[in-house]
Structure formats: C-alpha cells, structure tokens
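First up is the structure itself, then whatever we jot down about it.
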Amino acid sequence: MNNLSIGKVVCVGRNYAAHAAELGNEVPTQPLLFIKPASSVHYIEANNTTSIAASFYDIPRDIKYDVHYEAELCVQLGKELINASIDEVKDAINAVTVGLDLTLRDLQTKLKDKAQPWERAKCFVGSCVLGEWVSPDSFGDFTDVQYQLYINDTLTQDGDTALMLFPVYQLLVDISHAFGLQVGDVVMTGTPAGVGKLMAGDKLKLVLGEHTWQASVV
Ligand code: ZN
C-alpha cells in the first residue's frame with residue numbers, strides 16, 4: 001500500500017453499545033468524536049504472511065496510570081471530505097487496518113470527572129498503534145467486517161462492524177461536517193466490548209481476515 005502521511009486521527013467513542021455499557025456510559029445519539037495528533041501514531045510493521053513481534057510502546061517506568069487497549073477498525077482517507085454526502089464517502093477510503101486506541105484509563109476518568117479535555121489520557125506518543133495498511137477492496141461497504149484482538153492467545157476483543165451504532169460511511173459523513181477530512185487522515189471507528197489493562201510481557205495479536213499483526217508490551 002501507498003503510505004500517505006497522516007495529518008490527524010479522528011477517533012469515535014462509544015460506537016458499540018456493549019462497550020458503552022461496560023464503562024457505564026450512555027449510548028450517544030450522534031457520534032462522540034475526539035482527535036489524536038499525528039505524533040501519537042506508531043505502526044506495527046508486518047506483512048500479510050509473516051508476523052513480526054515488535055515492542056510497540058515503551059511504557060515509561062515512572063508512568064502513574066494504567067494503559068488500556070481498545071482494538072478498532074481503522075480507515076485512511078484517499079480523498080478530501082468536507083461537508084460530504086453519503087455518496088461522496090463511498091470511494092474515499094484508501095486503506096484499512098486494525099489499530100489500538102491506547103488510553104490512560106484512570107487519568108481519563110479523573111479528567112472526565114473534572115469536565116476537562118481527554119487529550120492527556122489519549123494523545124501521548126505511541127497512543128495510536130496501527131497495523132500496516134491493507135487494500136480496502138475486499139471490505140465492501142464496511143458493514144460486515146470482523147476483526148479480533150488476542151492477548152496471550154486468548155480472544156479478548158471480537159469486533160463486528162455490523163454492531164456499530166454509526167456505520168463507517170455515516171461516521172465519515174459526520175466527521176466531514178464536524179472537522180473535515182484530508183487525504184491521509186485516519187478514522188479509528190470505535191472499540192467493541194472487552195477493553196482492559198495492558199501488562200508488561202503481554203503478547204498481542206490483531207487480526208483482520210487473513211491479515212495479522214503482532215506486538216508485545218515491554
Ligand atoms: Zn477508542
């Protein structure tokens with residue numbers, strides 16, 4: 001795949017009812033959006049047939065907060081979208097992968113309690129982990145895509161885009177109105193249930209059909 005440079009990463013919160021429930025949150029009536037900066041991106045380099053173990057995030061030794069994983073289907077824009085219609089978004093996706101929206105969960109809870117922005121919990125260097133991009137050609141309209149996160153060989157998150165509250169095309173329309181999207185921008189489309197804390201030594205495997213990416217927590 002062409003590696004387009006990323007301007008921003010738009011993330012979607014609470015896009016699966018079961019995940020909203022596990023964190024005690026209401027289901028939103030419109031997409032809950034936030035942004036990670038390009039400096040948060042860390043790629044897991046692998047190819048379709050060979051999995052390469054890589055340490056993707058050096059948890060600082062003095063870190064005060066728990067790092068939680070959220071596995072998410074991610075798409076990259078190949079076309080600018082400003083105030084787009086549903087027809088305009090259909091050919092806008094250049095590439096697809098699975099990523100991890102890493103979150104300092106206890107810090108996020110503190111910030112939420114104080115009605116402060118989430119960025120300190122969501123935007124640290126390495127907080128947006130992305131598998132290498134694959135072609136979008138076999139994913140249809142993205143309403144029937146399955147993806148998984150295994151931790152230490154246990155199925156931990158089992159994603160199915162059919163269960164999204166706001167499907168991928170609808171998200172792109174909404175984001176194009178809220179922020180606008182440029183070529184290279186990434187959308188993390190929300191996490192299914194099963195989020196939890198990463199532990200040093202955990203072996204992670206992200207799966208999207210025939211594609212797998214592996215990483216370990218150091
Ligand atoms: Zn997320």
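Residue names in the structure tokens use chain letters A, B, ... in the order shown, residue numbers from 1 in each chain, and ligand numbers from 1 in the order shown.
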What are the closest atom pairs, with distances in Å to one decimal, for each residue of chain A lying within 8 Å of ligand 1, using only C-alpha atoms and all ligand atoms, rows by chain and rising residue number, as CSV?
residue,atom,partner,partner_atom_place_in_ligand_line,distance
A:Cys11,CA,ligand 1,1 (Zn),6.2
A:Val12,CA,ligand 1,1 (Zn),6.1
A:Gly13,CA,ligand 1,1 (Zn),5.5
A:Arg14,CA,ligand 1,1 (Zn),7.7
A:Glu70,CA,ligand 1,1 (Zn),5.5
A:Ala71,CA,ligand 1,1 (Zn),7.4
A:Glu72,CA,ligand 1,1 (Zn),6.8
A:Leu100,CA,ligand 1,1 (Zn),7.6
A:Asp101,CA,ligand 1,1 (Zn),4.9
A:Leu102,CA,ligand 1,1 (Zn),7.5
A:Thr103,CA,ligand 1,1 (Zn),7.9
A:Met188,CA,ligand 1,1 (Zn),6.9
A:Thr189,CA,ligand 1,1 (Zn),7.5
A:Gly190,CA,ligand 1,1 (Zn),4.9
A:Thr191,CA,ligand 1,1 (Zn),5.2
| said: So that I can see what lies close to A:Asp158, please list as a ChimeraX atom specification the residues with an atom at most 8 Å from it, counting only C-alpha atoms and leaving out residues fewer than 6 positions away in the same chain. | reply: /A:146-149,192-193
Leaving out A:Ala21 and any residue of its chain fewer than 5 positions from it, which residues lie within 12 Å of it when counting only C-alpha atoms, given as a PDB file with all heavy atoms, in the first residue's frame?
ATOM      1  N   ARG A  14     -17.602   5.166  22.057  1.00  0.00           N
ATOM      2  CA  ARG A  14     -18.912   4.551  22.332  1.00  0.00           C
ATOM      3  C   ARG A  14     -19.688   4.236  21.058  1.00  0.00           C
ATOM      4  O   ARG A  14     -20.874   4.553  20.952  1.00  0.00           O
ATOM      5  CB  ARG A  14     -19.742   5.477  23.229  1.00  0.00           C
ATOM      6  CG  ARG A  14     -19.032   5.786  24.523  1.00  0.00           C
ATOM      7  CD  ARG A  14     -19.782   6.822  25.368  1.00  0.00           C
ATOM      8  NE  ARG A  14     -18.862   7.401  26.342  1.00  0.00           N
ATOM      9  CZ  ARG A  14     -19.108   8.500  27.044  1.00  0.00           C
ATOM     10  NH1 ARG A  14     -20.251   9.142  26.905  1.00  0.00           N
ATOM     11  NH2 ARG A  14     -18.221   8.966  27.891  1.00  0.00           N
ATOM     12  N   ASN A  15     -19.018   3.605  20.102  1.00  0.00           N
ATOM     13  CA  ASN A  15     -19.733   3.257  18.857  1.00  0.00           C
ATOM     14  C   ASN A  15     -20.281   1.837  18.885  1.00  0.00           C
ATOM     15  O   ASN A  15     -20.842   1.381  17.895  1.00  0.00           O
ATOM     16  CB  ASN A  15     -18.815   3.460  17.650  1.00  0.00           C
ATOM     17  CG  ASN A  15     -19.604   3.589  16.354  1.00  0.00           C
ATOM     18  OD1 ASN A  15     -20.784   3.959  16.374  1.00  0.00           O
ATOM     19  ND2 ASN A  15     -18.974   3.270  15.245  1.00  0.00           N
ATOM     20  N   TYR A  16     -20.088   1.143  20.014  1.00  0.00           N
ATOM     21  CA  TYR A  16     -20.683  -0.190  20.198  1.00  0.00           C
ATOM     22  C   TYR A  16     -21.408  -0.158  21.538  1.00  0.00           C
ATOM     23  O   TYR A  16     -20.809   0.194  22.572  1.00  0.00           O
ATOM     24  CB  TYR A  16     -19.597  -1.262  20.248  1.00  0.00           C
ATOM     25  CG  TYR A  16     -18.873  -1.520  18.936  1.00  0.00           C
ATOM     26  CD1 TYR A  16     -17.782  -0.731  18.553  1.00  0.00           C
ATOM     27  CD2 TYR A  16     -19.264  -2.568  18.105  1.00  0.00           C
ATOM     28  CE1 TYR A  16     -17.106  -0.985  17.368  1.00  0.00           C
ATOM     29  CE2 TYR A  16     -18.577  -2.830  16.920  1.00  0.00           C
ATOM     30  CZ  TYR A  16     -17.512  -2.037  16.561  1.00  0.00           C
ATOM     31  OH  TYR A  16     -16.834  -2.287  15.388  1.00  0.00           O
ATOM     32  N   GLU A  26     -23.739   6.175  28.671  1.00  0.00           N
ATOM     33  CA  GLU A  26     -24.940   6.171  27.842  1.00  0.00           C
ATOM     34  C   GLU A  26     -24.545   5.935  26.385  1.00  0.00           C
ATOM     35  O   GLU A  26     -23.440   6.281  25.965  1.00  0.00           O
ATOM     36  CB  GLU A  26     -25.613   7.560  27.899  1.00  0.00           C
ATOM     37  CG  GLU A  26     -25.949   8.036  29.284  1.00  0.00           C
ATOM     38  CD  GLU A  26     -27.351   7.613  29.691  1.00  0.00           C
ATOM     39  OE1 GLU A  26     -28.281   7.884  28.930  1.00  0.00           O
ATOM     40  OE2 GLU A  26     -27.477   7.003  30.772  1.00  0.00           O
ATOM     41  N   VAL A  27     -25.472   5.391  25.626  1.00  0.00           N
ATOM     42  CA  VAL A  27     -25.279   5.269  24.178  1.00  0.00           C
ATOM     43  C   VAL A  27     -25.518   6.653  23.559  1.00  0.00           C
ATOM     44  O   VAL A  27     -26.536   7.286  23.842  1.00  0.00           O
ATOM     45  CB  VAL A  27     -26.262   4.224  23.616  1.00  0.00           C
ATOM     46  CG1 VAL A  27     -26.323   4.290  22.109  1.00  0.00           C
ATOM     47  CG2 VAL A  27     -25.858   2.829  24.081  1.00  0.00           C
ATOM     48  N   PRO A  28     -24.578   7.157  22.755  1.00  0.00           N
ATOM     49  CA  PRO A  28     -24.746   8.510  22.206  1.00  0.00           C
ATOM     50  C   PRO A  28     -25.786   8.571  21.091  1.00  0.00           C
ATOM     51  O   PRO A  28     -26.041   7.580  20.421  1.00  0.00           O
ATOM     52  CB  PRO A  28     -23.358   8.837  21.650  1.00  0.00           C
ATOM     53  CG  PRO A  28     -22.742   7.513  21.354  1.00  0.00           C
ATOM     54  CD  PRO A  28     -23.322   6.529  22.334  1.00  0.00           C
ATOM     55  N   PRO A 192     -15.111  -2.406  20.326  1.00  0.00           N
ATOM     56  CA  PRO A 192     -16.140  -3.295  20.879  1.00  0.00           C
ATOM     57  C   PRO A 192     -15.867  -3.560  22.359  1.00  0.00           C
ATOM     58  O   PRO A 192     -14.870  -3.087  22.911  1.00  0.00           O
ATOM     59  CB  PRO A 192     -15.992  -4.572  20.044  1.00  0.00           C
ATOM     60  CG  PRO A 192     -14.566  -4.578  19.604  1.00  0.00           C
ATOM     61  CD  PRO A 192     -14.151  -3.121  19.478  1.00  0.00           C
ATOM     62  N   ALA A 193     -16.724  -4.332  22.992  1.00  0.00           N
ATOM     63  CA  ALA A 193     -16.537  -4.661  24.412  1.00  0.00           C
ATOM     64  C   ALA A 193     -15.257  -5.459  24.616  1.00  0.00           C
ATOM     65  O   ALA A 193     -14.714  -6.051  23.680  1.00  0.00           O
ATOM     66  CB  ALA A 193     -17.735  -5.467  24.910  1.00  0.00           C
ATOM     67  N   GLY A 194     -14.784  -5.459  25.872  1.00  0.00           N
ATOM     68  CA  GLY A 194     -13.628  -6.292  26.208  1.00  0.00           C
ATOM     69  C   GLY A 194     -12.364  -5.516  26.483  1.00  0.00           C
ATOM     70  O   GLY A 194     -11.290  -6.095  26.570  1.00  0.00           O
ATOM     71  N   VAL A 195     -12.462  -4.176  26.641  1.00  0.00           N
ATOM     72  CA  VAL A 195     -11.262  -3.384  26.899  1.00  0.00           C
ATOM     73  C   VAL A 195     -10.685  -3.750  28.267  1.00  0.00           C
ATOM     74  O   VAL A 195     -11.389  -4.267  29.134  1.00  0.00           O
ATOM     75  CB  VAL A 195     -11.561  -1.864  26.839  1.00  0.00           C
ATOM     76  CG1 VAL A 195     -12.108  -1.488  25.472  1.00  0.00           C
ATOM     77  CG2 VAL A 195     -12.496  -1.429  27.946  1.00  0.00           C
TER      78      VAL A 195
END
Please provide as an mmCIF file with N, CA, C and O atoms, in the first residue's frame all residues within 10 Å of A:Asp66, with the sequence filter that same-chain residues fewer than 2 positions apart are discarded (counting only C-alpha atoms).
data_model
loop_
_atom_site.group_PDB
_atom_site.id
_atom_site.type_symbol
_atom_site.label_atom_id
_atom_site.label_comp_id
_atom_site.auth_asym_id
_atom_site.auth_seq_id
_atom_site.Cartn_x
_atom_site.Cartn_y
_atom_site.Cartn_z
ATOM 1 N N ILE A 59 6.332 1.541 27.846
ATOM 2 C CA ILE A 59 5.625 2.187 28.949
ATOM 3 C C ILE A 59 6.681 2.836 29.846
ATOM 4 O O ILE A 59 7.563 2.146 30.358
ATOM 5 N N ILE A 63 5.522 5.834 34.806
ATOM 6 C CA ILE A 63 4.148 6.177 34.458
ATOM 7 C C ILE A 63 3.225 5.911 35.643
ATOM 8 O O ILE A 63 3.371 4.922 36.355
ATOM 9 N N LYS A 64 2.279 6.826 35.837
ATOM 10 C CA LYS A 64 1.435 6.741 37.019
ATOM 11 C C LYS A 64 0.099 6.069 36.725
ATOM 12 O O LYS A 64 -0.665 5.803 37.634
ATOM 13 N N HIS A 68 -4.778 1.153 28.942
ATOM 14 C CA HIS A 68 -5.793 0.225 28.460
ATOM 15 C C HIS A 68 -5.757 0.141 26.936
ATOM 16 O O HIS A 68 -5.459 1.128 26.266
ATOM 17 N N TYR A 69 -6.040 -1.053 26.423
ATOM 18 C CA TYR A 69 -6.126 -1.268 24.972
ATOM 19 C C TYR A 69 -7.571 -1.098 24.523
ATOM 20 O O TYR A 69 -8.503 -1.431 25.269
ATOM 21 N N LEU A 102 -4.839 3.469 22.519
ATOM 22 C CA LEU A 102 -4.355 3.277 23.899
ATOM 23 C C LEU A 102 -4.800 4.461 24.760
ATOM 24 O O LEU A 102 -4.767 5.612 24.330
ATOM 25 N N THR A 103 -5.203 4.133 25.959
ATOM 26 C CA THR A 103 -5.856 5.107 26.831
ATOM 27 C C THR A 103 -5.328 4.952 28.253
ATOM 28 O O THR A 103 -5.266 3.836 28.770
ATOM 29 N N LEU A 104 -4.972 6.057 28.865
ATOM 30 C CA LEU A 104 -4.624 6.044 30.302
ATOM 31 C C LEU A 104 -5.941 6.160 31.053
ATOM 32 O O LEU A 104 -6.453 7.258 31.291
ATOM 33 N N ARG A 105 -6.533 4.982 31.352
ATOM 34 C CA ARG A 105 -7.952 4.965 31.734
ATOM 35 C C ARG A 105 -8.213 5.697 33.044
ATOM 36 O O ARG A 105 -9.202 6.429 33.159
ATOM 37 N N ASP A 106 -7.355 5.501 34.033
ATOM 38 C CA ASP A 106 -7.672 6.160 35.307
ATOM 39 C C ASP A 106 -7.472 7.673 35.205
ATOM 40 O O ASP A 106 -8.221 8.443 35.808
ATOM 41 N N LEU A 107 -6.497 8.101 34.375
ATOM 42 C CA LEU A 107 -6.349 9.541 34.146
ATOM 43 C C LEU A 107 -7.566 10.074 33.383
ATOM 44 O O LEU A 107 -8.095 11.144 33.704
ATOM 45 N N ALA A 121 -4.932 11.845 28.361
ATOM 46 C CA ALA A 121 -5.118 10.396 28.527
ATOM 47 C C ALA A 121 -5.089 9.636 27.210
ATOM 48 O O ALA A 121 -4.981 8.412 27.201
ATOM 49 N N GLY A 196 -9.409 -3.489 28.431
ATOM 50 C CA GLY A 196 -8.771 -3.803 29.709
ATOM 51 C C GLY A 196 -7.356 -3.270 29.750
ATOM 52 O O GLY A 196 -6.902 -2.576 28.833
ATOM 53 N N LYS A 197 -6.668 -3.635 30.818
ATOM 54 C CA LYS A 197 -5.341 -3.072 31.102
ATOM 55 C C LYS A 197 -4.236 -3.920 30.470
ATOM 56 O O LYS A 197 -4.275 -5.153 30.561
ATOM 57 N N LEU A 198 -3.261 -3.268 29.866
ATOM 58 C CA LEU A 198 -2.078 -3.970 29.358
ATOM 59 C C LEU A 198 -1.093 -4.214 30.484
ATOM 60 O O LEU A 198 -0.907 -3.371 31.358
ATOM 61 N N MET A 199 -0.453 -5.388 30.421
ATOM 62 C CA MET A 199 0.558 -5.739 31.408
ATOM 63 C C MET A 199 1.879 -5.977 30.691
ATOM 64 O O MET A 199 1.897 -6.483 29.558
#
Polymer residues at most 10 Å from A:Asn152, only C-alpha atoms, same-chain spacing of 6 or more positions, as a PDB file with all heavy atoms, in the first residue's frame:
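The result, written out as around.pdb:
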ATOM      1  N   GLY A 201       4.904  -7.656  29.193  1.00  0.00           N
ATOM      2  CA  GLY A 201       5.055  -9.046  28.768  1.00  0.00           C
ATOM      3  C   GLY A 201       3.878  -9.576  27.967  1.00  0.00           C
ATOM      4  O   GLY A 201       3.978 -10.650  27.378  1.00  0.00           O
ATOM      5  N   ASP A 202       2.752  -8.845  27.936  1.00  0.00           N
ATOM      6  CA  ASP A 202       1.614  -9.313  27.138  1.00  0.00           C
ATOM      7  C   ASP A 202       2.000  -9.421  25.673  1.00  0.00           C
ATOM      8  O   ASP A 202       2.693  -8.549  25.129  1.00  0.00           O
ATOM      9  CB  ASP A 202       0.429  -8.329  27.253  1.00  0.00           C
ATOM     10  CG  ASP A 202      -0.378  -8.495  28.529  1.00  0.00           C
ATOM     11  OD1 ASP A 202      -0.193  -9.514  29.220  1.00  0.00           O
ATOM     12  OD2 ASP A 202      -1.197  -7.595  28.817  1.00  0.00           O
ATOM     13  N   LYS A 203       1.518 -10.490  25.037  1.00  0.00           N
ATOM     14  CA  LYS A 203       1.695 -10.679  23.591  1.00  0.00           C
ATOM     15  C   LYS A 203       0.360 -10.402  22.929  1.00  0.00           C
ATOM     16  O   LYS A 203      -0.639 -11.063  23.244  1.00  0.00           O
ATOM     17  CB  LYS A 203       2.128 -12.113  23.265  1.00  0.00           C
ATOM     18  CG  LYS A 203       3.368 -12.571  24.014  1.00  0.00           C
ATOM     19  CD  LYS A 203       4.617 -11.930  23.463  1.00  0.00           C
ATOM     20  CE  LYS A 203       5.863 -12.450  24.182  1.00  0.00           C
ATOM     21  NZ  LYS A 203       6.908 -11.408  24.273  1.00  0.00           N
ATOM     22  N   LEU A 204       0.353  -9.446  22.022  1.00  0.00           N
ATOM     23  CA  LEU A 204      -0.884  -9.033  21.371  1.00  0.00           C
ATOM     24  C   LEU A 204      -0.883  -9.480  19.920  1.00  0.00           C
ATOM     25  O   LEU A 204       0.156  -9.411  19.241  1.00  0.00           O
ATOM     26  CB  LEU A 204      -1.010  -7.508  21.405  1.00  0.00           C
ATOM     27  CG  LEU A 204      -1.605  -6.897  22.670  1.00  0.00           C
ATOM     28  CD1 LEU A 204      -0.828  -7.269  23.908  1.00  0.00           C
ATOM     29  CD2 LEU A 204      -1.682  -5.395  22.536  1.00  0.00           C
ATOM     30  N   LYS A 205      -2.058  -9.906  19.455  1.00  0.00           N
ATOM     31  CA  LYS A 205      -2.219 -10.224  18.032  1.00  0.00           C
ATOM     32  C   LYS A 205      -3.501  -9.580  17.542  1.00  0.00           C
ATOM     33  O   LYS A 205      -4.580  -9.825  18.091  1.00  0.00           O
ATOM     34  CB  LYS A 205      -2.265 -11.742  17.818  1.00  0.00           C
ATOM     35  CG  LYS A 205      -2.356 -12.115  16.350  1.00  0.00           C
ATOM     36  CD  LYS A 205      -2.122 -13.606  16.111  1.00  0.00           C
ATOM     37  CE  LYS A 205      -3.301 -14.429  16.561  1.00  0.00           C
ATOM     38  NZ  LYS A 205      -3.218 -15.833  16.142  1.00  0.00           N
ATOM     39  N   SER A 216       4.327  -6.908  21.264  1.00  0.00           N
ATOM     40  CA  SER A 216       4.419  -7.297  22.665  1.00  0.00           C
ATOM     41  C   SER A 216       4.601  -6.046  23.506  1.00  0.00           C
ATOM     42  O   SER A 216       5.100  -5.031  23.026  1.00  0.00           O
ATOM     43  CB  SER A 216       5.591  -8.261  22.882  1.00  0.00           C
ATOM     44  OG  SER A 216       6.783  -7.674  22.427  1.00  0.00           O
TER      45      SER A 216
END
| atom CA of A:Trp118 to atom CA of A:Trp213, straight-line distance in Å |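 Between atom CA of A:Trp213 and atom CA of A:Trp118 the gap works out to 27.7 Å.
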| field | Best match for closeness to A:Val168 among A:Lys90, A:Lys36, A:His211, A:Lys114, counting only C-alpha atoms | value | A:Lys90
| query | Between atom CA of A:Ala17 and atom CA of A:Pro31, what is the distance, to one decimal in Å? | reply |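 Between these atoms lies a distance of 12.2 Å.
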| field | Best match for closeness to A:Val207 among A:Tyr150, A:Tyr65, A:Phe166, A:Phe179, counting only C-alpha atoms | value |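 The shortest atom-to-atom distance to A:Val207 comes from A:Tyr150.
When atom CA of A:Ile82 is paired with atom CA of A:Leu208, their separation reads 28.9 Å.
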| task | Tell me, as a ChimeraX atom specification, which residues lie within 6 Å of stretch 125-131 of chain A, counting only C-alpha atoms; anything in the same chain fewer than 5 positions away does not count. | result | /A:39-44,57,97-102
| query | Could you write out, as an NGL selection string, all the residues of chain A that DSSP marks as strand (DSSP E)? | reply | :A and (8-13 or 32-37 or 41-44 or 67-69 or 71-77 or 93-101 or 103-104 or 128-131 or 146-151 or 154-160 or 186-188 or 196-197 or 203-208 or 211-216)
| said: Just list as a ChimeraX atom specification whatever in stretch 46-199 of chain A DSSP marks as helix (DSSP H, G or I). | reply: /A:86-89,105-113,119-122,137-139,161-163,168-178
